[in-house]
$ cat start.txt   # compact mmCIF, C-alpha atoms
# COMPACT_ATOMS: atom_id res chain seq x y z
CA MET A 5 0.00 0.00 0.00
CA SER A 6 1.34 3.38 -0.92
CA GLU A 7 1.59 6.06 1.63
CA ASN A 8 -0.61 9.11 1.46
CA PRO A 9 1.44 12.11 0.75
CA GLN A 10 -0.72 14.32 2.90
CA ASN A 11 -0.21 12.09 5.84
CA SER A 12 3.42 12.34 5.42
CA GLU A 13 3.27 16.11 5.29
CA ASN A 14 1.01 16.47 8.26
CA PRO A 15 2.06 14.06 10.91
CA GLN A 16 -0.82 15.19 13.17
CA ASN A 17 -3.32 13.48 10.92
CA SER A 18 -1.50 10.29 10.63
CA GLY A 19 -3.41 8.63 13.38
CA ASN A 20 -6.78 9.45 11.69
CA PRO A 21 -6.57 9.41 7.95
CA GLU A 22 -10.36 9.85 7.61
CA ARG A 23 -10.58 13.05 9.73
CA PRO A 24 -10.03 16.19 7.71
CA GLU A 25 -7.70 18.80 8.85
CA LYS A 26 -9.25 21.50 10.92
CA PRO A 27 -8.93 24.79 9.14
CA GLU A 28 -7.32 27.64 10.85
CA ALA A 29 -9.42 30.53 11.90
CA PRO A 30 -9.18 33.39 9.52
CA GLU A 31 -7.88 36.68 10.60
CA ALA A 32 -10.31 39.31 11.64
CA GLY A 33 -11.48 41.40 8.79
CA LYS A 34 -10.05 39.12 6.16
CA PRO A 35 -12.34 36.26 5.29
CA GLU A 36 -10.70 33.46 3.56
CA ALA A 37 -12.20 30.82 1.43
CA PRO A 38 -12.20 27.39 3.05
CA GLU A 39 -9.62 25.06 1.74
CA THR A 40 -10.85 22.03 0.02
CA SER A 41 -8.84 18.97 -0.35
CA LYS A 42 -8.33 17.99 -3.84
CA PRO A 43 -9.59 14.62 -4.73
CA GLU A 44 -6.46 13.82 -6.55
CA GLN A 45 -4.52 14.10 -3.36
CA ARG A 46 -6.90 11.74 -1.48
CA GLY A 47 -7.06 9.33 -4.25
CA GLU A 48 -10.86 9.51 -4.30
CA GLU A 49 -13.02 9.29 -7.31
CA VAL A 50 -14.11 12.64 -8.64
CA ARG A 51 -17.93 12.99 -8.86
CA PRO A 52 -19.91 15.84 -10.26
CA PRO A 53 -21.64 18.01 -7.68
CA GLU A 54 -25.22 17.03 -6.97
CA ALA A 55 -28.05 19.54 -7.04
CA PRO A 56 -29.43 20.47 -3.67
CA GLN A 57 -32.55 18.56 -2.80
CA ALA A 58 -35.63 20.29 -1.44
CA PRO A 59 -36.78 19.21 1.94
CA GLU A 60 -39.27 16.45 1.79
CA ALA A 61 -42.85 17.56 2.41
CA PRO A 62 -44.99 15.62 4.82
CA ASP A 63 -47.10 12.95 3.37
CA ALA A 64 -50.28 14.56 1.88
CA PRO A 65 -53.57 12.69 1.85
CA VAL A 66 -54.34 10.96 -1.37
CA VAL A 67 -57.52 12.32 -3.07
CA THR A 68 -59.24 10.19 -5.63
CA GLY A 69 -61.31 11.73 -8.43
CA PRO A 70 -60.85 13.90 -11.44
CA PRO A 71 -57.74 15.94 -11.56
CA ALA A 72 -58.04 19.36 -9.95
CA VAL A 73 -58.25 22.30 -12.23
CA ALA A 74 -56.32 25.35 -11.25
CA ALA A 75 -58.73 28.22 -10.31
CA SER A 76 -58.46 31.19 -12.54
CA PRO A 77 -58.38 34.60 -10.87
CA VAL A 78 -61.91 36.19 -10.64
CA ALA A 79 -62.09 39.65 -12.09
CA GLU A 80 -63.58 42.28 -9.79
CA PRO A 81 -67.10 43.52 -10.87
CA SER A 82 -67.10 46.79 -12.76
CA GLY A 83 -68.92 49.98 -11.61
CA ARG A 84 -71.78 49.43 -14.07
CA ARG A 85 -72.36 45.94 -12.76
CA ARG A 86 -72.34 47.17 -9.17
CA LEU A 87 -74.87 49.89 -10.07
CA ALA A 88 -77.11 47.37 -11.86
CA SER A 89 -76.95 44.97 -8.92
CA ALA A 90 -77.86 47.83 -6.57
CA LEU A 91 -80.83 48.93 -8.67
CA TRP A 92 -82.28 45.53 -9.56
CA PRO A 93 -84.16 43.93 -8.03
CA PRO A 94 -85.63 47.19 -6.67
CA ARG A 95 -85.88 47.61 -2.93
CA VAL A 96 -88.56 50.31 -2.47
CA THR A 97 -89.46 51.63 0.97
CA ARG A 98 -92.47 53.70 2.00
CA ALA A 99 -90.38 56.86 2.28
CA GLN A 100 -89.09 56.34 -1.25
CA LEU A 101 -92.65 55.94 -2.52
CA VAL A 102 -93.68 59.21 -0.86
CA VAL A 103 -90.67 61.01 -2.31
CA ALA A 104 -91.41 59.58 -5.75
CA LEU A 105 -95.04 60.72 -5.53
CA LEU A 106 -93.99 64.24 -4.51
CA LEU A 107 -91.51 64.39 -7.36
CA PHE A 108 -94.23 63.27 -9.78
CA VAL A 109 -96.60 65.98 -8.57
CA LEU A 110 -93.84 68.56 -8.79
CA GLY A 111 -93.00 67.50 -12.30
CA LEU A 112 -96.65 67.62 -13.31
CA GLY A 113 -96.98 71.14 -11.91
CA LEU A 114 -93.87 72.26 -13.75
CA ALA A 115 -95.21 70.76 -16.97
CA ILE A 116 -98.51 72.62 -16.55
CA GLN A 117 -96.67 75.85 -15.80
CA VAL A 118 -94.49 75.44 -18.84
CA SER A 119 -97.50 74.72 -21.05
CA SER A 120 -99.36 77.77 -19.74
CA THR A 121 -96.30 79.92 -20.19
CA SER A 122 -95.82 78.71 -23.74
CA GLU A 123 -99.25 80.10 -24.64
CA ASN A 124 -97.90 83.60 -24.12
CA SER A 125 -94.82 82.85 -26.10
CA ALA A 126 -96.18 85.02 -28.88
CA LEU A 127 -95.31 88.10 -26.83
CA ARG A 128 -91.72 86.99 -26.52
CA GLY A 129 -91.05 87.53 -30.15
CA ALA A 130 -92.87 90.85 -30.31
CA ARG A 131 -91.02 94.06 -30.90
CA GLN A 132 -90.60 96.71 -28.27
CA GLU A 133 -92.99 99.07 -30.08
CA ASP A 134 -95.66 96.35 -30.14
CA LEU A 135 -95.21 95.64 -26.44
CA VAL A 136 -95.51 99.34 -25.62
CA ARG A 137 -98.67 99.59 -27.72
CA ILE A 138 -100.19 96.53 -26.02
CA LEU A 139 -99.34 97.98 -22.61
CA ASP A 140 -100.99 101.28 -23.51
CA GLU A 141 -104.11 99.48 -24.69
CA LEU A 142 -104.26 97.55 -21.45
CA ASP A 143 -103.91 100.76 -19.45
CA ASP A 144 -106.70 102.40 -21.47
CA ARG A 145 -108.93 99.39 -21.01
CA THR A 146 -108.26 99.38 -17.28
CA GLN A 147 -109.12 103.05 -17.07
CA ARG A 148 -112.36 102.54 -19.01
CA LEU A 149 -113.30 99.68 -16.70
CA GLU A 150 -112.60 101.84 -13.66
CA ASP A 151 -114.76 104.63 -15.07
CA GLU A 152 -117.53 102.15 -15.83
CA LYS A 153 -117.30 100.79 -12.31
CA ALA A 154 -117.53 104.28 -10.81
CA ARG A 155 -120.52 105.10 -13.03
CA LEU A 156 -122.33 101.92 -12.05
CA GLU A 157 -121.65 102.51 -8.38
CA LYS A 158 -123.01 106.04 -8.68
CA GLN A 159 -126.07 104.75 -10.52
CA ARG A 160 -126.62 102.14 -7.83
CA SER A 161 -126.38 104.81 -5.13
CA GLU A 162 -128.88 106.95 -7.01
CA LEU A 163 -131.23 104.01 -7.41
CA GLU A 164 -130.95 103.14 -3.75
CA SER A 165 -131.50 106.76 -2.79
CA SER A 166 -134.37 107.11 -5.20
CA SER A 167 -135.89 103.87 -3.99
CA ASP A 168 -135.56 105.09 -0.42
CA GLN A 169 -137.09 108.39 -1.39
CA ALA A 170 -139.84 106.65 -3.29
CA GLU A 171 -140.52 104.38 -0.34
CA GLU A 172 -140.64 107.35 1.99
CA ALA A 173 -142.88 109.25 -0.39
CA ARG A 174 -145.12 106.21 -0.69
CA ARG A 175 -145.31 105.91 3.07
CA GLN A 176 -146.10 109.59 3.47
CA THR A 177 -148.71 109.37 0.73
CA GLN A 178 -150.40 106.46 2.45
CA GLU A 179 -150.35 108.31 5.75
CA LYS A 180 -151.75 111.43 4.11
CA GLU A 181 -154.41 109.39 2.39
CA ARG A 182 -155.41 107.86 5.69
CA GLN A 183 -155.63 111.24 7.33
CA LEU A 184 -157.63 112.71 4.48
CA GLY A 185 -159.82 109.61 4.49
CA ILE A 186 -160.60 110.20 8.14
CA LEU A 187 -161.47 113.81 7.47
CA ALA A 188 -163.46 112.90 4.37
CA GLY A 189 -165.23 110.09 6.18
CA THR A 190 -164.14 107.40 3.70
CA VAL A 191 -162.24 105.32 6.29
CA ALA A 192 -163.11 104.26 9.80
CA ALA A 193 -161.34 105.77 12.78
CA GLU A 194 -160.90 105.11 16.48
CA GLY A 195 -159.33 106.91 19.38
CA PRO A 196 -160.05 108.74 22.61
CA GLY A 197 -162.95 111.18 22.73
CA ILE A 198 -166.38 111.83 24.12
CA THR A 199 -169.96 110.74 23.64
CA LEU A 200 -172.62 113.50 23.61
CA THR A 201 -176.22 112.32 24.01
CA VAL A 202 -179.00 114.86 23.30
CA GLY A 203 -182.53 113.97 24.37
CA ASP A 204 -185.56 115.83 22.95
CA PRO A 205 -188.74 114.68 24.69
CA ALA A 206 -190.63 117.85 23.68
CA GLY A 207 -189.41 117.85 20.05
CA ALA A 208 -188.07 121.38 20.41
CA VAL A 209 -184.53 120.73 19.08
CA GLU A 210 -183.87 122.44 15.81
CA SER A 211 -181.36 121.54 13.14
CA ASP A 212 -179.35 124.70 13.82
CA MET A 213 -178.81 123.58 17.44
CA LEU A 214 -177.25 120.35 16.24
CA LEU A 215 -175.15 122.28 13.73
CA ASP A 216 -173.92 124.60 16.50
CA ALA A 217 -172.84 121.55 18.50
CA ILE A 218 -170.86 120.26 15.47
CA GLN A 219 -169.15 123.64 15.06
CA GLU A 220 -168.15 123.80 18.74
CA LEU A 221 -166.70 120.30 18.60
CA ARG A 222 -164.67 121.04 15.45
CA ALA A 223 -163.37 124.23 17.01
CA ALA A 224 -162.27 122.21 20.06
CA GLY A 225 -160.29 119.81 17.90
CA ALA A 226 -162.69 117.06 16.93
CA GLU A 227 -161.25 114.88 14.14
CA ALA A 228 -164.08 112.47 13.43
CA ILE A 229 -167.79 112.85 14.23
CA GLN A 230 -170.67 110.44 13.79
CA VAL A 231 -174.34 111.18 14.65
CA ASN A 232 -176.79 108.28 14.79
CA GLY A 233 -174.88 106.26 12.20
CA VAL A 234 -174.29 109.19 9.84
CA ARG A 235 -170.73 110.34 9.25
CA VAL A 236 -170.44 114.10 9.59
CA VAL A 237 -167.82 115.74 7.37
CA ALA A 238 -166.97 119.22 6.17
CA ASP A 239 -169.76 119.40 3.61
CA SER A 240 -172.44 117.83 5.80
CA TYR A 241 -175.71 119.75 6.35
CA PHE A 242 -178.66 119.54 8.79
CA THR A 243 -182.30 120.13 7.88
CA GLY A 244 -185.71 119.85 9.54
CA SER A 245 -186.68 119.70 13.17
CA GLY A 246 -188.44 117.48 15.68
CA GLU A 247 -189.44 114.20 14.11
CA ASP A 248 -188.26 115.30 10.62
CA MET A 249 -184.58 115.91 11.45
CA ARG A 250 -182.26 115.03 8.57
CA ILE A 251 -178.46 114.95 8.17
CA ASP A 252 -177.22 115.02 4.56
CA GLY A 253 -180.71 113.93 3.58
CA THR A 254 -180.74 110.99 5.98
CA LYS A 255 -183.53 111.08 8.58
CA VAL A 256 -182.43 110.79 12.19
CA ALA A 257 -184.51 110.69 15.39
CA ALA A 258 -183.93 111.56 19.02
CA PRO A 259 -182.03 110.82 21.08
CA TYR A 260 -179.14 112.19 19.02
CA VAL A 261 -175.90 110.40 19.89
CA PHE A 262 -172.67 112.20 18.93
CA LYS A 263 -169.53 110.06 18.83
CA VAL A 264 -166.54 112.39 18.67
CA ILE A 265 -162.83 111.50 18.44
CA GLY A 266 -160.45 114.07 19.88
CA LYS A 267 -158.87 115.18 23.10
CA PRO A 268 -161.49 114.72 25.83
CA GLU A 269 -159.96 117.46 28.01
CA ASP A 270 -160.65 119.98 25.23
CA LEU A 271 -163.94 118.69 23.89
CA GLU A 272 -165.94 118.49 27.11
CA PRO A 273 -165.14 122.02 28.35
CA ALA A 274 -166.00 123.41 24.90
CA LEU A 275 -169.54 122.08 25.31
CA ASN A 276 -170.00 123.19 28.92
CA ILE A 277 -168.86 126.79 28.61
CA PRO A 278 -171.40 129.39 29.80
CA GLY A 279 -173.86 130.08 27.05
CA GLY A 280 -172.59 127.08 25.13
CA VAL A 281 -174.30 124.07 23.57
CA VAL A 282 -175.36 122.37 26.81
CA GLN A 283 -177.00 125.48 28.30
CA THR A 284 -178.74 126.27 24.99
CA LEU A 285 -180.24 122.77 24.77
CA GLU A 286 -181.36 122.86 28.40
CA LYS A 287 -183.22 126.12 27.75
CA GLU A 288 -185.22 124.30 25.07
CA GLN A 289 -186.15 121.62 27.62
CA ALA A 290 -183.74 119.14 26.04
CA THR A 291 -181.12 117.12 27.89
CA ALA A 292 -177.39 116.91 27.10
CA THR A 293 -174.92 114.55 28.78
CA VAL A 294 -171.18 114.31 28.03
CA GLU A 295 -169.18 111.16 28.78
CA ARG A 296 -165.43 110.77 28.28
CA SER A 297 -164.03 107.57 26.83
CA ALA A 298 -160.56 106.21 26.11
CA LYS A 299 -161.76 104.59 22.91
CA ILE A 300 -164.36 105.89 20.56
CA VAL A 301 -165.07 104.02 17.32
CA VAL A 302 -166.39 105.95 14.33
CA ASP A 303 -167.24 103.38 11.69
CA ALA A 304 -169.88 105.12 9.59
CA LEU A 305 -168.46 105.75 6.11
CA ARG A 306 -169.26 108.04 3.25
CA PRO A 307 -168.66 107.13 -0.37
CA ALA A 308 -165.69 108.81 -1.99
CA LYS A 309 -166.73 111.26 -4.65
CA ARG A 310 -164.61 112.19 -7.59
CA PRO A 311 -164.78 115.89 -8.41
CA ASP A 312 -166.25 116.71 -11.78
CA TYR A 313 -164.29 119.87 -12.51
CA ALA A 314 -161.53 120.34 -9.96
CA GLN A 315 -158.18 118.65 -10.54
CA SER A 316 -154.76 118.78 -8.96
CA SER A 317 -152.51 121.59 -10.09
CA SER A 318 -149.27 119.82 -9.04
CA GLN A 319 -147.43 118.02 -11.81
$ encode --input "start.txt" --output "structure tokens"
Amino acid sequence: MSENPQNSENPQNSGNPERPEKPEAPEAGKPEAPETSKPEQRGEEVRPPEAPQAPEAPDAPVVTGPPAVAASPVAEPSGRRRLASALWPPRVTRAQLVVALLLFVLGLGLAIQVSSTSENSALRGARQEDLVRILDELDDRTQRLEDEKARLEKQRSELESSSDQAEEARRQTQEKERQLGILAGTVAAEGPGITLTVGDPAGAVESDMLLDAIQELRAAGAEAIQVNGVRVVADSYFTGSGEDMRIDGTKVAAPYVFKVIGKPEDLEPALNIPGGVVQTLEKEQATATVERSAKIVVDALRPAKRPDYAQSSSQ
């Protein structure tokens, strides 16, 4: 057996030919590459360097079935797809329905406003002179309407005033007619007054005595007089005497009852004055009694006569 040259050079390794020589520590700051023994010197067979082996993985469970297909990367959804997924299927709440209804009403109102505004679109294209002329015409029309309104209001006031005046005149006419009717004896009357009763047992009362009594009563303020159912007026007349006494052609008999409407405090003293009607009748052996009353009714009427020649001079 041949002797290893390295063993002969390094007697320290002679006892252990298999143990490699321990490399010396490199100096600080100067790294040195480790020395490798050349295979030629050891007499070993030179082999090519083997590739480093990966660490063995732990045994994985065996899965039977079709071979697995590698999953392809999923592309993120685009903005349009996200918007579509958010809008459909629709998720409508009550508040959204109310808002939609309000928006619909608002849109409808705007559409109506636009349509009504478009009707006056003809004025938009008009010239300034035309617009001024139209404005002047509107002002004139407004003024005419104001004048017409004032005229109608004045006419209404006149009609109301005239109607009031006519009503007042009508009322006064009716009142005057009633008064004249009482004086003319064409309407009945009632009121306070006296009752004068003249008795003629001897038949000595003359027509002029009764006429004097009528004159005294009228002078005292008598307004309506009735004697034995005959209405005595301004044109009444008395004729005869005794059993043939007549008033306006109507025969009357004793006792003669005078119903007189007027103020009792004035009528009674007018008959009882010294030398008056009562004393004159008593001298002729007739009796005369006066009685006051709060209500005297004169209901004897005379027919209204239309004058043949006289007519009113007022237009």
$ atom_distance --input "start.txt" --atom1 "atom CA of Gln230 of chain A" --atom2 "atom CA of Gln315 of chain A"
28.6 Å
$ atom_distance --input "start.txt" --atom1 "atom CA of Gly253 of chain A" --atom2 "atom CA of Tyr241 of chain A"
8.2 Å
$ atom_distance --input "start.txt" --atom1 "atom CA of Ser211 of chain A" --atom2 "atom CA of Ala298 of chain A"
28.9 Å
$ closest_residue --input "start.txt" --among "A:Gly197, A:Gly233, A:Pro278, A:Gly203" --to "Ala258 of chain A" --atoms "all atoms listed in the file"
A:Gly203
$ residues_around --input "start.txt" --residues "segment 212-217 of chain A" --least-positions-apart "3" --cutoff "12 Å" --atoms "all atoms listed in the file" --output "ChimeraX atom specification"
/A:200-204,208-209,220-224,226,229,231,236-246,249-252,256,258-264,271-272,274-276,279-288,290,292
$ write_last_selection --input "start.txt" --atoms "C-alpha atoms" --output "PDB file, keeping the file's coordinate frame"
ATOM      1  CA  LEU A 200    -172.620 113.500  23.610  1.00  0.00           C
ATOM      2  CA  THR A 201    -176.220 112.320  24.010  1.00  0.00           C
ATOM      3  CA  VAL A 202    -179.000 114.860  23.300  1.00  0.00           C
ATOM      4  CA  GLY A 203    -182.530 113.970  24.370  1.00  0.00           C
ATOM      5  CA  ASP A 204    -185.560 115.830  22.950  1.00  0.00           C
ATOM      6  CA  ALA A 208    -188.070 121.380  20.410  1.00  0.00           C
ATOM      7  CA  VAL A 209    -184.530 120.730  19.080  1.00  0.00           C
ATOM      8  CA  GLU A 220    -168.150 123.800  18.740  1.00  0.00           C
ATOM      9  CA  LEU A 221    -166.700 120.300  18.600  1.00  0.00           C
ATOM     10  CA  ARG A 222    -164.670 121.040  15.450  1.00  0.00           C
ATOM     11  CA  ALA A 223    -163.370 124.230  17.010  1.00  0.00           C
ATOM     12  CA  ALA A 224    -162.270 122.210  20.060  1.00  0.00           C
ATOM     13  CA  ALA A 226    -162.690 117.060  16.930  1.00  0.00           C
ATOM     14  CA  ILE A 229    -167.790 112.850  14.230  1.00  0.00           C
ATOM     15  CA  VAL A 231    -174.340 111.180  14.650  1.00  0.00           C
ATOM     16  CA  VAL A 236    -170.440 114.100   9.590  1.00  0.00           C
ATOM     17  CA  VAL A 237    -167.820 115.740   7.370  1.00  0.00           C
ATOM     18  CA  ALA A 238    -166.970 119.220   6.170  1.00  0.00           C
ATOM     19  CA  ASP A 239    -169.760 119.400   3.610  1.00  0.00           C
ATOM     20  CA  SER A 240    -172.440 117.830   5.800  1.00  0.00           C
ATOM     21  CA  TYR A 241    -175.710 119.750   6.350  1.00  0.00           C
ATOM     22  CA  PHE A 242    -178.660 119.540   8.790  1.00  0.00           C
ATOM     23  CA  THR A 243    -182.300 120.130   7.880  1.00  0.00           C
ATOM     24  CA  GLY A 244    -185.710 119.850   9.540  1.00  0.00           C
ATOM     25  CA  SER A 245    -186.680 119.700  13.170  1.00  0.00           C
ATOM     26  CA  GLY A 246    -188.440 117.480  15.680  1.00  0.00           C
ATOM     27  CA  MET A 249    -184.580 115.910  11.450  1.00  0.00           C
ATOM     28  CA  ARG A 250    -182.260 115.030   8.570  1.00  0.00           C
ATOM     29  CA  ILE A 251    -178.460 114.950   8.170  1.00  0.00           C
ATOM     30  CA  ASP A 252    -177.220 115.020   4.560  1.00  0.00           C
ATOM     31  CA  VAL A 256    -182.430 110.790  12.190  1.00  0.00           C
ATOM     32  CA  ALA A 258    -183.930 111.560  19.020  1.00  0.00           C
ATOM     33  CA  PRO A 259    -182.030 110.820  21.080  1.00  0.00           C
ATOM     34  CA  TYR A 260    -179.140 112.190  19.020  1.00  0.00           C
ATOM     35  CA  VAL A 261    -175.900 110.400  19.890  1.00  0.00           C
ATOM     36  CA  PHE A 262    -172.670 112.200  18.930  1.00  0.00           C
ATOM     37  CA  LYS A 263    -169.530 110.060  18.830  1.00  0.00           C
ATOM     38  CA  VAL A 264    -166.540 112.390  18.670  1.00  0.00           C
ATOM     39  CA  LEU A 271    -163.940 118.690  23.890  1.00  0.00           C
ATOM     40  CA  GLU A 272    -165.940 118.490  27.110  1.00  0.00           C
ATOM     41  CA  ALA A 274    -166.000 123.410  24.900  1.00  0.00           C
ATOM     42  CA  LEU A 275    -169.540 122.080  25.310  1.00  0.00           C
ATOM     43  CA  ASN A 276    -170.000 123.190  28.920  1.00  0.00           C
ATOM     44  CA  GLY A 279    -173.860 130.080  27.050  1.00  0.00           C
ATOM     45  CA  GLY A 280    -172.590 127.080  25.130  1.00  0.00           C
ATOM     46  CA  VAL A 281    -174.300 124.070  23.570  1.00  0.00           C
ATOM     47  CA  VAL A 282    -175.360 122.370  26.810  1.00  0.00           C
ATOM     48  CA  GLN A 283    -177.000 125.480  28.300  1.00  0.00           C
ATOM     49  CA  THR A 284    -178.740 126.270  24.990  1.00  0.00           C
ATOM     50  CA  LEU A 285    -180.240 122.770  24.770  1.00  0.00           C
ATOM     51  CA  GLU A 286    -181.360 122.860  28.400  1.00  0.00           C
ATOM     52  CA  LYS A 287    -183.220 126.120  27.750  1.00  0.00           C
ATOM     53  CA  GLU A 288    -185.220 124.300  25.070  1.00  0.00           C
ATOM     54  CA  ALA A 290    -183.740 119.140  26.040  1.00  0.00           C
ATOM     55  CA  ALA A 292    -177.390 116.910  27.100  1.00  0.00           C
TER      56      ALA A 292
END
